[in-house]
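Engineer: So that you have it, the file is input.cif, and it contains mmCIF, C-alpha atoms (C1' of nucleotides):
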data_work
loop_
_atom_site.label_atom_id
_atom_site.label_comp_id
_atom_site.auth_asym_id
_atom_site.auth_seq_id
_atom_site.Cartn_x
_atom_site.Cartn_y
_atom_site.Cartn_z
CA MET A 1 -233.00 -58.54 76.39
CA THR A 2 -231.10 -61.28 74.57
CA LEU A 3 -230.16 -61.21 70.92
CA SER A 4 -231.62 -63.54 68.32
CA ASP A 5 -229.16 -65.93 66.69
CA LYS A 6 -228.88 -63.83 63.58
CA ASN A 7 -228.41 -60.60 65.43
CA TYR A 8 -225.90 -62.21 67.70
CA ALA A 9 -224.00 -63.50 64.68
CA PHE A 10 -223.93 -60.00 63.25
CA VAL A 11 -222.65 -58.44 66.46
CA MET A 12 -219.94 -61.05 66.84
CA HIS A 13 -218.94 -60.54 63.24
CA CYS A 14 -218.56 -56.82 63.89
CA GLY A 15 -216.31 -57.83 66.76
CA GLU A 16 -214.14 -59.99 64.53
CA MET A 17 -213.88 -57.21 61.99
CA GLY A 18 -213.38 -54.51 64.59
CA SER A 19 -209.62 -54.42 64.40
CA ARG A 20 -209.64 -54.43 60.61
CA TRP A 21 -211.98 -51.45 60.61
CA GLY A 22 -209.63 -49.45 62.79
CA PHE A 23 -210.82 -50.11 66.33
CA ASN A 24 -210.82 -53.30 68.40
CA ARG A 25 -213.05 -56.26 69.04
CA THR A 26 -215.13 -54.84 71.84
CA ILE A 27 -215.67 -51.57 70.10
CA GLY A 28 -216.68 -53.33 66.93
CA GLN A 29 -219.24 -55.32 68.90
CA MET A 30 -220.58 -52.25 70.64
CA CYS A 31 -220.97 -50.51 67.36
CA GLY A 32 -222.76 -53.45 65.79
CA LEU A 33 -225.03 -53.83 68.78
CA LEU A 34 -226.04 -50.20 68.81
CA ILE A 35 -226.73 -50.25 65.10
CA ILE A 36 -229.14 -53.18 65.14
CA THR A 37 -230.88 -52.17 68.36
CA LYS A 38 -233.86 -49.95 67.78
CA GLU A 39 -233.91 -48.28 71.19
CA PRO A 40 -230.98 -46.37 72.63
CA MET A 41 -229.07 -48.44 75.20
CA THR A 42 -227.53 -47.72 78.58
CA ALA A 43 -223.94 -48.61 79.30
CA ASN A 44 -225.11 -51.41 81.55
CA GLU A 45 -227.32 -52.88 78.89
CA ILE A 46 -224.37 -52.87 76.54
CA ALA A 47 -222.13 -54.52 79.13
CA ASP A 48 -224.74 -57.20 79.82
CA GLY A 49 -225.56 -57.71 76.18
CA LEU A 50 -221.92 -58.33 75.32
CA SER A 51 -220.82 -59.89 78.62
CA ILE A 52 -218.04 -57.43 79.17
CA SER A 53 -217.12 -55.25 82.11
CA ARG A 54 -218.71 -51.93 82.81
CA GLY A 55 -215.31 -50.24 82.67
CA ASN A 56 -214.63 -51.62 79.25
CA VAL A 57 -217.91 -50.22 77.99
CA SER A 58 -217.01 -46.83 79.36
CA MET A 59 -213.73 -46.87 77.45
CA GLY A 60 -215.49 -48.05 74.34
CA ILE A 61 -218.03 -45.27 74.53
CA LYS A 62 -215.27 -42.72 74.78
CA GLU A 63 -213.60 -44.19 71.75
CA LEU A 64 -216.80 -44.38 69.72
CA GLN A 65 -217.45 -40.78 70.58
CA SER A 66 -214.00 -39.80 69.37
CA TRP A 67 -214.97 -41.40 66.06
CA ARG A 68 -218.25 -39.44 66.25
CA LEU A 69 -220.19 -42.66 65.74
CA ILE A 70 -222.54 -42.50 68.70
CA LYS A 71 -224.53 -39.86 70.50
CA VAL A 72 -225.87 -39.58 74.03
CA GLN A 73 -229.56 -39.27 74.74
CA HIS A 74 -231.41 -38.55 77.95
CA ILE A 75 -234.84 -39.68 78.99
CA PRO A 76 -236.66 -37.15 81.21
CA GLY A 77 -236.73 -38.29 84.82
CA ASP A 78 -234.05 -40.86 84.18
CA ARG A 79 -230.53 -40.22 85.25
CA LYS A 80 -228.88 -42.79 83.01
CA GLU A 81 -227.24 -41.95 79.73
CA TYR A 82 -228.62 -43.67 76.66
CA TYR A 83 -226.46 -44.27 73.63
CA ALA A 84 -227.46 -44.51 70.00
CA PRO A 85 -225.77 -44.38 66.60
CA ALA A 86 -225.01 -40.80 65.59
CA GLY A 87 -226.80 -40.78 62.25
CA THR A 88 -227.60 -43.06 59.37
CA ILE A 89 -225.45 -45.93 58.18
CA TRP A 90 -224.23 -43.63 55.46
CA ASP A 91 -223.22 -40.99 58.00
CA MET A 92 -221.35 -43.53 60.03
CA ALA A 93 -219.47 -44.93 57.06
CA ASN A 94 -218.51 -41.40 56.18
CA ARG A 95 -217.21 -40.74 59.66
CA VAL A 96 -215.15 -43.89 59.67
CA PHE A 97 -213.77 -42.94 56.30
CA GLU A 98 -212.83 -39.41 57.38
CA GLU A 99 -211.42 -40.51 60.67
CA ARG A 100 -209.31 -43.18 59.07
CA LYS A 101 -207.99 -40.76 56.51
CA LYS A 102 -206.98 -38.56 59.41
CA ARG A 103 -205.12 -41.42 61.06
CA GLU A 104 -203.74 -43.25 58.06
CA ILE A 105 -202.93 -40.55 55.54
CA ASP A 106 -202.52 -37.15 57.16
CA PRO A 107 -199.52 -38.02 59.33
CA THR A 108 -197.64 -39.41 56.36
CA LEU A 109 -198.50 -36.45 54.19
CA SER A 110 -197.14 -34.19 56.87
CA LEU A 111 -193.92 -36.16 57.22
CA LEU A 112 -193.42 -36.19 53.48
CA ARG A 113 -193.95 -32.45 53.20
CA ASP A 114 -191.28 -31.85 55.82
CA ASN A 115 -188.98 -34.33 54.25
CA LEU A 116 -189.32 -32.85 50.78
CA ILE A 117 -188.66 -29.23 51.77
CA GLU A 118 -184.89 -29.38 51.64
CA PRO A 119 -183.33 -30.88 48.54
CA ALA A 120 -181.54 -34.23 48.54
CA THR A 121 -177.84 -34.16 49.32
CA ASN A 122 -176.68 -37.32 47.57
CA ASP A 123 -177.73 -39.94 45.07
CA ASP A 124 -179.47 -42.24 47.51
CA GLU A 125 -181.50 -39.37 48.83
CA LYS A 126 -182.25 -38.17 45.34
CA PHE A 127 -183.85 -41.45 44.41
CA ALA A 128 -185.63 -41.70 47.75
CA GLN A 129 -187.04 -38.20 47.29
CA GLN A 130 -188.39 -39.06 43.88
CA GLN A 131 -190.27 -41.96 45.41
CA MET A 132 -191.48 -39.90 48.33
CA HIS A 133 -192.63 -37.31 45.89
CA GLU A 134 -194.79 -39.85 44.13
CA ILE A 135 -196.30 -40.97 47.39
CA HIS A 136 -196.85 -37.37 48.36
CA ASP A 137 -198.66 -36.55 45.14
CA LEU A 138 -200.78 -39.66 45.39
CA LEU A 139 -201.84 -38.88 48.93
CA GLU A 140 -202.56 -35.26 48.05
CA THR A 141 -204.80 -36.37 45.22
CA VAL A 142 -206.65 -38.74 47.48
CA THR A 143 -207.03 -36.01 50.07
CA LYS A 144 -208.31 -33.52 47.55
CA TRP A 145 -210.73 -36.07 46.22
CA SER A 146 -212.09 -37.04 49.56
CA SER A 147 -212.69 -33.45 50.57
CA GLU A 148 -214.33 -32.92 47.20
CA LEU A 149 -216.66 -35.81 47.87
CA GLN A 150 -217.51 -34.38 51.28
CA ARG A 151 -218.57 -31.19 49.57
CA LEU A 152 -221.05 -32.88 47.24
CA SER A 153 -224.71 -32.92 48.16
CA PRO A 154 -226.05 -36.31 49.24
CA GLU A 155 -228.03 -36.51 46.00
CA GLN A 156 -224.99 -35.82 43.89
CA LEU A 157 -223.07 -38.43 45.80
CA GLN A 158 -225.81 -40.99 45.33
CA SER A 159 -225.89 -40.10 41.70
CA LEU A 160 -222.14 -40.50 41.40
CA MET A 161 -222.17 -43.78 43.27
CA LYS A 162 -224.97 -45.22 41.22
CA LEU A 163 -223.16 -44.19 38.07
CA GLY A 164 -221.14 -47.38 38.00
CA SER A 165 -219.99 -48.36 34.56
CA GLY A 166 -221.26 -45.05 33.24
CA ILE A 167 -218.22 -43.38 34.73
CA GLY A 168 -216.08 -44.16 31.72
CA LYS A 169 -218.52 -42.54 29.36
CA VAL A 170 -218.91 -39.52 31.56
CA LEU A 171 -215.17 -39.06 31.56
CA ASP A 172 -215.09 -39.10 27.79
CA PHE A 173 -217.29 -36.03 27.89
CA LYS A 174 -215.33 -34.26 30.53
CA ASP A 175 -213.30 -32.06 28.22
CA LYS A 176 -216.33 -30.96 26.29
CA ILE A 177 -218.12 -30.05 29.48
CA LEU A 178 -215.22 -28.15 30.96
CA LYS A 179 -214.97 -26.05 27.82
CA LYS A 180 -218.62 -25.04 28.07
CA GLN A 181 -218.52 -23.97 31.72
CA MET B 1 -175.15 -49.40 53.59
CA THR B 2 -176.65 -47.08 56.20
CA LEU B 3 -179.61 -44.81 55.69
CA SER B 4 -179.39 -41.03 55.70
CA ASP B 5 -181.30 -39.29 58.50
CA LYS B 6 -184.17 -38.38 56.24
CA ASN B 7 -184.47 -41.80 54.73
CA TYR B 8 -184.23 -43.36 58.14
CA ALA B 9 -187.01 -41.09 59.37
CA PHE B 10 -189.18 -42.15 56.46
CA VAL B 11 -188.60 -45.84 57.07
CA MET B 12 -189.34 -45.49 60.76
CA HIS B 13 -192.48 -43.57 59.96
CA CYS B 14 -193.63 -46.39 57.70
CA GLY B 15 -193.06 -48.63 60.69
CA GLU B 16 -195.21 -46.50 62.95
CA MET B 17 -197.95 -46.40 60.35
CA GLY B 18 -197.62 -50.07 59.48
CA SER B 19 -200.39 -51.30 61.71
CA ARG B 20 -202.73 -48.56 60.57
CA TRP B 21 -202.15 -49.51 56.98
CA GLY B 22 -203.11 -53.08 57.63
CA PHE B 23 -199.86 -54.83 58.42
CA ASN B 24 -197.43 -54.46 61.32
CA ARG B 25 -194.44 -52.36 62.25
CA THR B 26 -191.73 -54.51 60.74
CA ILE B 27 -193.59 -55.02 57.53
CA GLY B 28 -194.25 -51.32 57.25
CA GLN B 29 -190.54 -50.66 57.67
CA MET B 30 -189.59 -53.27 55.13
CA CYS B 31 -191.99 -51.81 52.65
CA GLY B 32 -190.68 -48.28 53.19
CA LEU B 33 -187.09 -49.43 52.94
CA LEU B 34 -187.64 -51.28 49.68
CA ILE B 35 -189.45 -48.32 48.21
CA ILE B 36 -186.72 -45.77 48.82
CA THR B 37 -183.86 -48.10 47.95
CA LYS B 38 -182.92 -47.98 44.31
CA GLU B 39 -181.34 -51.40 44.10
CA PRO B 40 -183.14 -54.63 44.96
CA MET B 41 -182.14 -55.90 48.40
CA THR B 42 -181.36 -59.30 49.84
CA ALA B 43 -183.11 -60.56 52.94
CA ASN B 44 -179.89 -60.09 54.90
CA GLU B 45 -179.51 -56.51 53.80
CA ILE B 46 -183.04 -55.86 54.95
CA ALA B 47 -182.41 -57.53 58.30
CA ASP B 48 -179.23 -55.52 58.81
CA GLY B 49 -180.75 -52.29 57.60
CA LEU B 50 -183.61 -52.57 60.06
CA SER B 51 -181.76 -54.42 62.83
CA ILE B 52 -184.21 -57.25 62.95
CA SER B 53 -183.79 -60.98 62.83
CA ARG B 54 -183.39 -62.93 59.65
CA GLY B 55 -186.45 -65.02 60.50
CA ASN B 56 -188.58 -61.96 60.90
CA VAL B 57 -187.57 -60.75 57.47
CA SER B 58 -188.53 -64.07 56.01
CA MET B 59 -191.99 -63.81 57.54
CA GLY B 60 -192.30 -60.24 56.36
CA ILE B 61 -191.38 -61.16 52.82
CA LYS B 62 -194.04 -63.83 52.78
CA GLU B 63 -196.60 -61.33 54.00
CA LEU B 64 -195.56 -58.64 51.54
CA GLN B 65 -195.82 -61.18 48.78
CA SER B 66 -199.32 -62.09 49.88
CA TRP B 67 -200.15 -58.40 49.45
CA ARG B 68 -198.44 -58.57 46.04
CA LEU B 69 -196.28 -55.61 46.99
CA ILE B 70 -192.84 -57.04 46.27
CA LYS B 71 -191.25 -59.21 43.66
CA VAL B 72 -188.21 -61.45 43.67
CA GLN B 73 -185.30 -60.89 41.34
CA HIS B 74 -182.26 -62.97 40.60
CA ILE B 75 -178.83 -61.87 39.56
CA PRO B 76 -177.06 -64.34 37.26
CA GLY B 77 -174.34 -66.25 39.04
CA ASP B 78 -175.69 -65.15 42.44
CA ARG B 79 -177.62 -67.55 44.52
CA LYS B 80 -179.36 -64.99 46.73
CA GLU B 81 -182.86 -63.70 46.20
CA TYR B 82 -183.21 -59.99 45.66
CA TYR B 83 -186.41 -58.18 46.57
CA ALA B 84 -187.88 -55.04 45.04
CA PRO B 85 -191.25 -53.25 45.00
CA ALA B 86 -193.65 -54.92 42.58
CA GLY B 87 -194.50 -51.91 40.48
CA THR B 88 -194.96 -48.17 40.77
CA ILE B 89 -196.19 -46.35 43.84
CA TRP B 90 -199.53 -46.17 42.16
CA ASP B 91 -199.59 -49.92 41.61
CA MET B 92 -198.72 -50.54 45.22
CA ALA B 93 -201.41 -48.21 46.53
CA ASN B 94 -203.87 -50.01 44.33
CA ARG B 95 -202.83 -53.37 45.67
CA VAL B 96 -203.17 -52.23 49.25
CA PHE B 97 -206.57 -50.85 48.44
CA GLU B 98 -207.78 -54.04 46.78
CA GLU B 99 -206.31 -56.26 49.43
CA ARG B 100 -207.89 -54.25 52.21
CA LYS B 101 -211.23 -54.29 50.50
CA LYS B 102 -210.90 -58.06 50.41
CA ARG B 103 -210.18 -58.19 54.12
CA GLU B 104 -212.37 -55.40 55.42
CA ILE B 105 -215.45 -55.48 53.24
CA ASP B 106 -215.90 -58.82 51.50
CA PRO B 107 -216.35 -60.94 54.63
CA THR B 108 -219.03 -58.61 55.94
CA LEU B 109 -220.82 -58.49 52.63
CA SER B 110 -220.88 -62.25 52.62
CA LEU B 111 -222.22 -62.46 56.17
CA LEU B 112 -224.91 -59.92 55.40
CA ARG B 113 -226.00 -61.73 52.29
CA ASP B 114 -226.44 -64.94 54.27
CA ASN B 115 -228.17 -63.13 57.05
CA LEU B 116 -230.62 -61.38 54.75
CA ILE B 117 -231.70 -64.47 52.83
CA GLU B 118 -234.37 -65.63 55.25
CA PRO B 119 -236.89 -63.03 56.41
CA ALA B 120 -236.99 -61.66 59.94
CA THR B 121 -239.10 -63.57 62.43
CA ASN B 122 -239.90 -60.81 64.92
CA ASP B 123 -239.80 -57.08 65.42
CA ASP B 124 -236.25 -56.86 66.73
CA GLU B 125 -235.02 -58.82 63.77
CA LYS B 126 -237.09 -56.76 61.42
CA PHE B 127 -235.41 -53.57 62.51
CA ALA B 128 -232.01 -55.20 62.56
CA GLN B 129 -232.52 -56.46 59.04
CA GLN B 130 -233.41 -53.02 57.80
CA GLN B 131 -230.13 -51.74 59.17
CA MET B 132 -228.18 -54.65 57.80
CA HIS B 133 -229.81 -54.03 54.46
CA GLU B 134 -228.52 -50.48 54.45
CA ILE B 135 -225.03 -51.65 55.27
CA HIS B 136 -225.29 -54.30 52.61
CA ASP B 137 -226.32 -51.82 49.94
CA LEU B 138 -223.60 -49.41 50.93
CA LEU B 139 -220.92 -52.07 50.75
CA GLU B 140 -222.26 -53.32 47.42
CA THR B 141 -222.05 -49.84 46.01
CA VAL B 142 -218.51 -49.41 47.24
CA THR B 143 -217.58 -52.78 45.79
CA LYS B 144 -219.12 -51.99 42.44
CA TRP B 145 -217.37 -48.66 42.39
CA SER B 146 -213.99 -50.01 43.23
CA SER B 147 -214.19 -52.66 40.53
CA GLU B 148 -215.33 -49.95 38.15
CA LEU B 149 -212.27 -47.92 38.99
CA GLN B 150 -210.05 -50.95 38.42
CA ARG B 151 -211.50 -51.22 34.95
CA LEU B 152 -210.62 -47.66 33.95
CA SER B 153 -207.47 -47.02 31.98
CA PRO B 154 -204.69 -45.29 33.89
CA GLU B 155 -205.28 -42.15 31.84
CA GLN B 156 -208.98 -42.12 32.62
CA LEU B 157 -208.18 -42.59 36.28
CA GLN B 158 -205.70 -39.76 36.27
CA SER B 159 -208.24 -37.66 34.51
CA LEU B 160 -210.91 -38.50 37.06
CA MET B 161 -208.57 -37.87 39.95
CA LYS B 162 -207.40 -34.55 38.62
CA LEU B 163 -210.99 -33.55 38.09
CA GLY B 164 -211.34 -32.36 41.64
CA SER B 165 -213.92 -29.67 42.08
CA GLY B 166 -215.03 -30.20 38.51
CA ILE B 167 -216.80 -33.35 39.59
CA GLY B 168 -219.91 -31.49 40.64
CA LYS B 169 -220.26 -29.84 37.29
CA VAL B 170 -219.65 -33.06 35.48
CA LEU B 171 -222.40 -34.69 37.47
CA ASP B 172 -224.82 -31.98 36.47
CA PHE B 173 -224.33 -33.06 32.89
CA LYS B 174 -224.66 -36.73 33.60
CA ASP B 175 -228.30 -37.07 32.63
CA LYS B 176 -227.81 -35.24 29.41
CA ILE B 177 -224.88 -37.43 28.52
CA LEU B 178 -226.64 -40.66 29.41
CA LYS B 179 -229.51 -39.72 27.16
CA LYS B 180 -227.21 -39.19 24.21
CA GLN B 181 -225.38 -42.52 24.52
"C1'" DC C 1 -173.83 -87.48 47.18
"C1'" DA C 2 -171.76 -84.40 50.52
"C1'" DT C 3 -170.91 -79.59 51.18
"C1'" DT C 4 -172.18 -75.03 51.36
"C1'" DG C 5 -174.75 -70.81 50.81
"C1'" DG C 6 -178.98 -69.68 51.37
"C1'" DT C 7 -184.13 -69.76 53.03
"C1'" DT C 8 -188.03 -71.14 55.99
"C1'" DT C 9 -190.23 -72.82 60.07
"C1'" DC C 10 -191.76 -72.71 64.58
"C1'" DA C 11 -191.38 -73.19 69.72
"C1'" DT C 12 -190.06 -69.89 72.92
"C1'" DT C 13 -189.87 -65.27 74.59
"C1'" DA C 14 -190.85 -60.40 74.55
"C1'" DT C 15 -193.88 -56.72 73.59
"C1'" DT C 16 -198.10 -54.66 72.92
"C1'" DT C 17 -202.85 -54.28 73.47
"C1'" DA C 18 -207.21 -55.14 75.74
"C1'" DT C 19 -209.95 -56.17 79.90
"C1'" DT C 20 -211.24 -56.21 84.57
"C1'" DG C 21 -212.98 -54.39 88.74
"C1'" DA C 22 -212.33 -51.69 92.74
"C1'" DA C 23 -211.79 -46.98 94.02
"C1'" DA C 24 -212.53 -42.27 92.88
"C1'" DC C 25 -215.39 -39.18 90.95
"C1'" DT C 26 -219.87 -36.64 89.48
"C1'" DT C 27 -224.32 -35.05 89.98
"C1'" DG C 28 -229.23 -34.62 90.97
"C1'" DA C 29 -232.54 -35.05 94.71
"C1'" DA C 30 -233.90 -35.12 99.48
"C1'" DT D 1 -224.82 -31.46 102.85
"C1'" DT D 2 -225.41 -36.08 102.41
"C1'" DC D 3 -226.92 -39.93 99.88
"C1'" DA D 4 -227.22 -42.87 96.14
"C1'" DA D 5 -227.40 -43.83 91.30
"C1'" DG D 6 -224.53 -43.49 87.89
"C1'" DT D 7 -219.91 -42.81 85.35
"C1'" DT D 8 -214.89 -42.74 84.78
"C1'" DT D 9 -210.22 -43.93 85.81
"C1'" DC D 10 -206.36 -46.70 86.18
"C1'" DA D 11 -203.24 -50.20 88.26
"C1'" DA D 12 -203.12 -54.97 87.79
"C1'" DT D 13 -203.86 -58.89 84.88
"C1'" DA D 14 -205.00 -61.48 80.83
"C1'" DA D 15 -204.85 -62.18 76.02
"C1'" DA D 16 -203.14 -61.45 71.57
"C1'" DT D 17 -199.46 -60.34 68.57
"C1'" DA D 18 -194.79 -59.94 67.03
"C1'" DA D 19 -189.78 -61.16 67.14
"C1'" DT D 20 -185.98 -64.18 67.92
"C1'" DG D 21 -182.79 -67.69 66.67
"C1'" DA D 22 -181.67 -72.45 66.42
"C1'" DA D 23 -182.82 -76.30 63.77
"C1'" DA D 24 -184.72 -78.10 59.59
"C1'" DC D 25 -184.93 -77.59 55.00
"C1'" DC D 26 -183.59 -76.81 49.92
"C1'" DA D 27 -180.99 -76.76 45.90
"C1'" DA D 28 -176.84 -75.69 43.18
"C1'" DT D 29 -172.00 -77.17 42.81
"C1'" DG D 30 -167.74 -79.82 42.99
#
Output the structure of this file as structure tokens.
Structural biologist:
Amino acid sequence: MTLSDKNYAFVMHCGEMGSRWGFNRTIGQMCGLLIITKEPMTANEIADGLSISRGNVSMGIKELQSWRLIKVQHIPGDRKEYYAPAGTIWDMANRVFEERKKREIDPTLSLLRDNLIEPATNDDEKFAQQQMHEIHDLLETVTKWSSELQRLSPEQLQSLMKLGSGIGKVLDFKDKILKKQ
Amino acid sequence: MTLSDKNYAFVMHCGEMGSRWGFNRTIGQMCGLLIITKEPMTANEIADGLSISRGNVSMGIKELQSWRLIKVQHIPGDRKEYYAPAGTIWDMANRVFEERKKREIDPTLSLLRDNLIEPATNDDEKFAQQQMHEIHDLLETVTKWSSELQRLSPEQLQSLMKLGSGIGKVLDFKDKILKKQ
DNA sequence: CATTGGTTTCATTATTTATTGAAACTTGAA
DNA sequence: TTCAAGTTTCAATAAATAATGAAACCAATG
């Protein structure tokens, strides 16, 4: 099976973007390929489709699994493993978001917490701690928010997302609403 | 000027995280250093502080400026350029966010738009286009949202952020509110 | 208009990261 | 058990990325 021009362009684009999205070229390509391919694919099909080594695909699969982006499927009477996206586009975006938060925010939050436990011992440290405190609070807020969003039902999320410019108005009513609750 | 242990740990951490945040180790370190240092620093001070070459600092400055994260200052009667963070922590986070959106989302959105203009010519492409359409819509929504957030006043943003678990309740009132407007 | 304090550039080198492919491993079926 | 189809691992290699430092550049000053 060879890709149409358009599909090929998409897969290659995913490759280019791969490293910006948090993985690398090959893994970006694999992800793109699996997303636009209707049927689950074997590792060999992926390797052939992208002209990369079998070993590389194996690594990539492991990585994509660690991001919880793909799932394995079996076809009765067939020994091969078939891979497919683990959910809808929305699910996948969510996973990437969560996973990146884990890698990009959590470690810093943890360092800052440690660093802020004992008080500053001199002026330089005092200023530094103020700054770190700001970063800490910002990251905590983001964290709280993201876990809040996870908790919302898909409908609520859709509703929130679609809200768009209405968000300002909604905020203006916030106080009123919170009083009523 | 040498860094205290804690401050040093913070700067090094920023280095480790650098590549995850979208730049590289040195630039992460530079950013961290400038943030926790009260006074603006010269390029040489930065190079000394981080034990890296003068040339590297120059590159890093250029990059940090392209992210709009630092600003140049001059001290009367002094020929050197002094560098300092370009705004509050909040401002900087915002810039990183915007800049990353530009690098991580916009190019894909643009590719998808192009790709979705002409209709699919066969079944494989039809399925692929459906998927691409979903990605497209998702990215559009995110884009719209992020520009919406930019438009909010700092107070509104704070208010929204602090909302936390209240968000669900607020959403429940959305329809009612939108009717009233 | 030459000197000097300062900055930038960029070819070279060093470091890091990704890829290959052969060997080791796993597992279901005969 | 053994075989064979399939998967994983990992040392070696290739490719990409970052860092150095010397030379070029720039601009204020005497």
Engineer: Produce a table with one row for each residue of region 82-109 of chain B that has an atom at most 12 Å from any atom of region 137-158 of chain A, each row naming the nearest atom pair and its distance in Å at one decimal; use all atoms listed in the file; arrange rows by chain and rising residue number; format as CSV.
Structural biologist:
residue,atom,partner,partner_atom,distance
B:Thr88,CA,A:Leu138,CA,11.3
B:Ile89,CA,A:Leu138,CA,8.3
B:Trp90,CA,A:Leu138,CA,7.4
B:Asp91,CA,A:Leu138,CA,11.0
B:Met92,CA,A:Leu138,CA,11.1
B:Ala93,CA,A:Leu138,CA,8.6
B:Asn94,CA,A:Leu138,CA,10.9
Engineer: Restricted to C-alpha atoms, what would the selected residues look like written as a PDB file, in the frame of the given file?
Structural biologist:
ATOM      1  CA  THR B  88    -194.960 -48.170  40.770  1.00  0.00           C
ATOM      2  CA  ILE B  89    -196.190 -46.350  43.840  1.00  0.00           C
ATOM      3  CA  TRP B  90    -199.530 -46.170  42.160  1.00  0.00           C
ATOM      4  CA  ASP B  91    -199.590 -49.920  41.610  1.00  0.00           C
ATOM      5  CA  MET B  92    -198.720 -50.540  45.220  1.00  0.00           C
ATOM      6  CA  ALA B  93    -201.410 -48.210  46.530  1.00  0.00           C
ATOM      7  CA  ASN B  94    -203.870 -50.010  44.330  1.00  0.00           C
TER       8      ASN B  94
END
Engineer: The PyMOL selection byres ((chain C) within 8 of (chain B)) - which residues does that actually catch in the file I just gave you? List them as a JSON list (two decimals) with C-alpha atoms (C1' of nucleotides), in the frame of the given file.
Structural biologist:
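To be explicit, this is the file written out as result35.json:
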[["chain", "number", "residue", "atom", "x", "y", "z"],
["C", 5, "DG", "C1'", -174.75, -70.81, 50.81],
["C", 6, "DG", "C1'", -178.98, -69.68, 51.37],
["C", 7, "DT", "C1'", -184.13, -69.76, 53.03],
["C", 8, "DT", "C1'", -188.03, -71.14, 55.99]]
Engineer: Using only C-alpha atoms (C1' of nucleotides), find each residue in chain D having at least one atom no more than 9 Å away from chain B; report its shortest atom-to-atom pair and that distance in Å (one decimal), rows by chain then rising number, as CSV.
Structural biologist:
residue,atom,partner,partner_atom,distance
D:DA18,C1',B:Asn24,CA,8.3
D:DA19,C1',B:Asn56,CA,6.4
D:DT20,C1',B:Ser53,CA,6.4
D:DG21,C1',B:Gly55,CA,7.7
D:DA28,C1',B:Arg79,CA,8.3
Engineer: Those same residues - C-alpha atoms (C1' of nucleotides) - I'd like them written as a PDB file, in the coordinates of the input.
Structural biologist:
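New file part26.pdb:
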ATOM      1  C1'  DA D  18    -194.790 -59.940  67.030  1.00  0.00           C
ATOM      2  C1'  DA D  19    -189.780 -61.160  67.140  1.00  0.00           C
ATOM      3  C1'  DT D  20    -185.980 -64.180  67.920  1.00  0.00           C
ATOM      4  C1'  DG D  21    -182.790 -67.690  66.670  1.00  0.00           C
ATOM      5  C1'  DA D  28    -176.840 -75.690  43.180  1.00  0.00           C
TER       6       DA D  28
END
Engineer: Translate the PyMOL selection byres ((chain B) within 6 of (chain A)), as applied to the file shown, into an explicit residue set as number ranges by chain.
Structural biologist: B: 20, 36, 104, 128, 145, 164
Engineer: So how far away is CA of Gly49 (chain A) from CA of Thr2 (chain A), in Å?
Structural biologist: 6.8 Å
Engineer: Between CA of Gln65 (chain B) and CA of Met30 (chain B), what is the spacing in Å?
Structural biologist: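 Answer for the CA of Met30 (chain B) to CA of Gln65 (chain B) separation: 11.9 Å.
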Engineer: Counting all atoms listed in the file, find the residues whose atoms lie at most 8 Å from (-199.8, -52.7, 69.7) (file coordinates) and write them out as a list of chain:residue names.
Structural biologist: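 Collected hits near the coordinates: C:DT16, C:DT17, D:DT17.
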Engineer: Please provide the set of residues having any atom within 12 Å of DA11 (chain D), restricted to all atoms listed in the file, with same-chain residues fewer than 6 positions apart removed, written as a PyMOL selection string.
Structural biologist: chain C and resi 20-23
Engineer: Go ahead and find all residues with at least one atom no further than 9 Å from (-219.2, -43.9, 89.0) in the file's coordinates, using all atoms listed in the file; report them as JSON, numbers by chain.
Structural biologist: {"C": [24, 25, 26], "D": [5, 6, 7, 8]}
Engineer: Could you take the residues named above and write them with C-alpha atoms (C1' of nucleotides), as a compact mmCIF listing (two decimals), in the frame of the given file?
Structural biologist:
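The new file again.txt reads:
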# COMPACT_ATOMS: atom_id res chain seq x y z
C1' DA C 24 -212.53 -42.27 92.88
C1' DC C 25 -215.39 -39.18 90.95
C1' DT C 26 -219.87 -36.64 89.48
C1' DA D 5 -227.40 -43.83 91.30
C1' DG D 6 -224.53 -43.49 87.89
C1' DT D 7 -219.91 -42.81 85.35
C1' DT D 8 -214.89 -42.74 84.78
Engineer: Please evaluate the PyMOL selection byres ((chain A and resi 73) around 12) against the displayed coordinates and give the resulting residues as a list in words.
Structural biologist: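 When the PyMOL selection byres ((chain A and resi 73) around 12) is applied to the shown file, the picked residues are Glu39, Pro40, Met41, Thr42, Ala43, Ile70, Lys71, Val72, His74, Ile75, Pro76, Asp78, Arg79, Lys80, Glu81, Tyr82, Tyr83, Ala84, Pro85 and Ala86 of chain A.
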Engineer: Please write the residues from the selection above to a file, keeping C-alpha atoms, as a compact mmCIF listing (two decimals), in the coordinates of the input.
Structural biologist:
# COMPACT_ATOMS: atom_id res chain seq x y z
CA GLU A 39 -233.91 -48.28 71.19
CA PRO A 40 -230.98 -46.37 72.63
CA MET A 41 -229.07 -48.44 75.20
CA THR A 42 -227.53 -47.72 78.58
CA ALA A 43 -223.94 -48.61 79.30
CA ILE A 70 -222.54 -42.50 68.70
CA LYS A 71 -224.53 -39.86 70.50
CA VAL A 72 -225.87 -39.58 74.03
CA HIS A 74 -231.41 -38.55 77.95
CA ILE A 75 -234.84 -39.68 78.99
CA PRO A 76 -236.66 -37.15 81.21
CA ASP A 78 -234.05 -40.86 84.18
CA ARG A 79 -230.53 -40.22 85.25
CA LYS A 80 -228.88 -42.79 83.01
CA GLU A 81 -227.24 -41.95 79.73
CA TYR A 82 -228.62 -43.67 76.66
CA TYR A 83 -226.46 -44.27 73.63
CA ALA A 84 -227.46 -44.51 70.00
CA PRO A 85 -225.77 -44.38 66.60
CA ALA A 86 -225.01 -40.80 65.59
